[in-house]
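Taking it in order: structure first as structure tokens, then the write-up.
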Amino acid sequence: MVWIAGGTFWMGCDDCGMPDALPTHRVSVDGFWMDRTPVTNAEFDRFVQATGYVTVAERQPDPKDVPGVPRDKLVPGSAVFHATSEPVPLDNPLQWWRYTPGASWSHPEGSGSSIRDRADHPVVHVAFEDARAYAKWVGKRLPTEAEFEFAARGGLDRNRYAWGNEMTPGGKAVANTWQGRFPAVDGGEDGYRGTSPVTAFPPNGFGLYDMGGNVWQWCSDWYRPDSYATLAKTEPVARNPQGPSDSFDPQEPGLAKRVLRGGSFLCTDQYCARYLVGSRGKSEISSATSNLGFRLVRSASR
């Protein structure tokens, strides 16, 4: 883990074009320890071997949670990205996401796949409950959204990315993102299509890897699109904010969601440019996908 000394910064993103990242506001966080990298397949495998834990994606779906789905379709699995055969309009993510039977952390593309050559890649297909279970086992916790952003900035307050203000400084890729026409063709100019080893790209100013790109990462905060506006009205400098007391997403009002941070290998300026360090993501708490992982923190006790 890396010691993050804490401090005060501007949280959010003025020029992202993302209303839920506004307004930018002053936040102060105390010092904490943070994992240098997202949790890897090798680390998660040790957890499963030691505890026998079964992830949400590996469990039989409960008919009460998915009314109307025939029982023969209620099989364990998870959402896997599939590139389209040709360029398509970007208004329907179901064109490139498929619920895939057998997909899980140990079979990222489905039952015929494995992580044999991906021990140092970030674990994926991890629901919020799974991340919390792992955290409890290792005696850590998920970061707050404020802790994640402060750490991701690496001391570069009000910059666009975790590494500065240029997407590809000196023409060189410094994060695992999508190149090409999304969602049809990832040119792989950064060296990867899909996840990459967690130390494949340079660390930020705090020595943290993959704070932008590669995989989305769970935070502890409930998601609300207006949480920044609410906080900015009540506190001139918010100290160690923990997020709202409940979740609400007007796009899917009935689903409880937590904040995601960091973007993933699927992010591009054409769609979901959320490798921007002040931008936000969200996911329903029982969801697991092929681009979603996590890293952990520990409260200060040096």
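The chains in the structure tokens are called A, B, ... from first to last as shown; in each chain the residues are counted from 1, and the ligands are counted from 1 in the order shown.
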Check your understanding: Which parts of stretch 199-252 of chain A does DSSP call strand (DSSP E or B) when run on the backbone here, written out as a VMD selection string?
Key -> chain A and resid 216 to 222 237 to 239
Exercise for review: Using DSSP on the backbone coordinates, identify all residues within stretch 18-101 of chain A classified as alpha helix (DSSP H); present the result as a VMD selection string.
Suggested key: chain A and resid 41 to 51
Point to revise | Residue neighbourhood A:Phe150, 8 Å, only C-alpha atoms, exclusion window fewer than 4 positions, as a list of chain:residue names | key: A:Gly6, A:Phe9, A:Met11, A:Val29, A:Ala146, A:Gly154, A:Gly155
Closest contacts (stretch 71-154 of chain A/stretch 242-259 of chain A, max 12 Å, only C-alpha atoms) as CSV:
residue,atom,partner,partner_atom,distance
A:Ala127,CA,A:Arg258,CA,10.4
A:Phe128,CA,A:Arg258,CA,8.0
A:Glu129,CA,A:Arg258,CA,11.1
A:Leu142,CA,A:Val259,CA,11.0
A:Pro143,CA,A:Gln242,CA,9.5
A:Thr144,CA,A:Gln242,CA,6.1
A:Glu145,CA,A:Val259,CA,7.1
A:Ala146,CA,A:Gln242,CA,7.9
A:Glu147,CA,A:Gln242,CA,9.5
A:Phe148,CA,A:Val259,CA,10.6
A:Glu149,CA,A:Val259,CA,11.7
Point to revise | Surrounding residues of A:His25 excluding itself and chain neighbours under 2 positions, 8 Å, only C-alpha atoms, as a list in words | key: Trp10, Met11, Gly12, Pro23, Val27, Tyr228, Ala232, Pro236 and Val237 of chain A
So that I have them on file, write out the residues from the current selection with N, CA and C atoms, as a PDB file, in the first residue's frame.
ATOM      1  N   TRP A  10      -9.781  20.539  -5.113  1.00  0.00           N
ATOM      2  CA  TRP A  10     -11.025  20.807  -5.828  1.00  0.00           C
ATOM      3  C   TRP A  10     -11.533  19.494  -6.407  1.00  0.00           C
ATOM      4  N   MET A  11     -12.710  19.080  -5.972  1.00  0.00           N
ATOM      5  CA  MET A  11     -13.286  17.803  -6.412  1.00  0.00           C
ATOM      6  C   MET A  11     -14.327  18.062  -7.497  1.00  0.00           C
ATOM      7  N   GLY A  12     -14.317  17.220  -8.517  1.00  0.00           N
ATOM      8  CA  GLY A  12     -15.275  17.361  -9.603  1.00  0.00           C
ATOM      9  C   GLY A  12     -14.593  17.759 -10.894  1.00  0.00           C
ATOM     10  N   PRO A  23     -21.265  20.865  -9.003  1.00  0.00           N
ATOM     11  CA  PRO A  23     -20.183  21.822  -9.243  1.00  0.00           C
ATOM     12  C   PRO A  23     -18.881  21.315  -8.627  1.00  0.00           C
ATOM     13  N   VAL A  27     -12.775  20.060  -0.981  1.00  0.00           N
ATOM     14  CA  VAL A  27     -12.883  18.884  -0.120  1.00  0.00           C
ATOM     15  C   VAL A  27     -11.541  18.676   0.576  1.00  0.00           C
ATOM     16  N   TYR A 228     -23.005  16.414  -5.320  1.00  0.00           N
ATOM     17  CA  TYR A 228     -22.034  17.505  -5.255  1.00  0.00           C
ATOM     18  C   TYR A 228     -22.730  18.839  -5.000  1.00  0.00           C
ATOM     19  N   ALA A 232     -21.956  21.175  -1.826  1.00  0.00           N
ATOM     20  CA  ALA A 232     -21.401  22.513  -2.046  1.00  0.00           C
ATOM     21  C   ALA A 232     -22.250  23.591  -1.384  1.00  0.00           C
ATOM     22  N   PRO A 236     -18.462  24.962   3.014  1.00  0.00           N
ATOM     23  CA  PRO A 236     -17.460  25.639   2.179  1.00  0.00           C
ATOM     24  C   PRO A 236     -16.279  24.731   1.851  1.00  0.00           C
ATOM     25  N   VAL A 237     -15.865  23.915   2.829  1.00  0.00           N
ATOM     26  CA  VAL A 237     -14.872  22.868   2.586  1.00  0.00           C
ATOM     27  C   VAL A 237     -15.398  21.604   3.261  1.00  0.00           C
TER      28      VAL A 237
END
Hey, which bits of stretch 40-153 of chain A sit within 6 Å of stretch 276-295 of chain A, and for each residue what's the closest pair of atoms and how far apart in Å (one decimal), counting only C-alpha atoms, rows by chain and increasing number, as CSV?
residue,atom,partner,partner_atom,distance
A:Ser78,CA,A:Ala288,CA,5.9
A:Ala79,CA,A:Thr289,CA,4.8
A:Val80,CA,A:Ser290,CA,5.1
A:Val123,CA,A:Gly293,CA,5.7
A:Val124,CA,A:Gly293,CA,4.8
A:His125,CA,A:Ala288,CA,4.3
A:Val126,CA,A:Ala288,CA,5.1
A:Ala127,CA,A:Ala288,CA,4.8
A:Phe128,CA,A:Ile285,CA,5.2
Residues near A:Arg239, anyone? I mean within 9 Å using only C-alpha atoms, not counting same-chain ones fewer than 3 positions away, as a PDB file with C-alpha atoms, in the first residue's frame.
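Produced file part_31.pdb, reproduced below:
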ATOM      1  CA  THR A   8      -7.500  19.804   0.430  1.00  0.00           C
ATOM      2  CA  ARG A  26     -13.473  22.114  -2.020  1.00  0.00           C
ATOM      3  CA  VAL A  27     -12.883  18.884  -0.120  1.00  0.00           C
ATOM      4  CA  SER A  28     -10.408  17.935   2.599  1.00  0.00           C
ATOM      5  CA  VAL A  29      -9.435  14.346   3.358  1.00  0.00           C
ATOM      6  CA  ASP A  30      -7.341  12.926   6.172  1.00  0.00           C
ATOM      7  CA  GLU A 235     -20.091  23.183   3.472  1.00  0.00           C
TER       8      GLU A 235
END
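Take the candidates A:Ala151, A:Ala200, A:Val54, A:Leu156 and check each one against A:Arg261 using only C-alpha atoms; the shortest distance goes to A:Ala151.
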Point to revise | For A:Lys136, the nearest of the candidates A:Gly102, A:Leu296, A:Pro108, A:Met18, counting only C-alpha atoms | key: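 Looking at the shortest contact to A:Lys136, the residue is A:Leu296.
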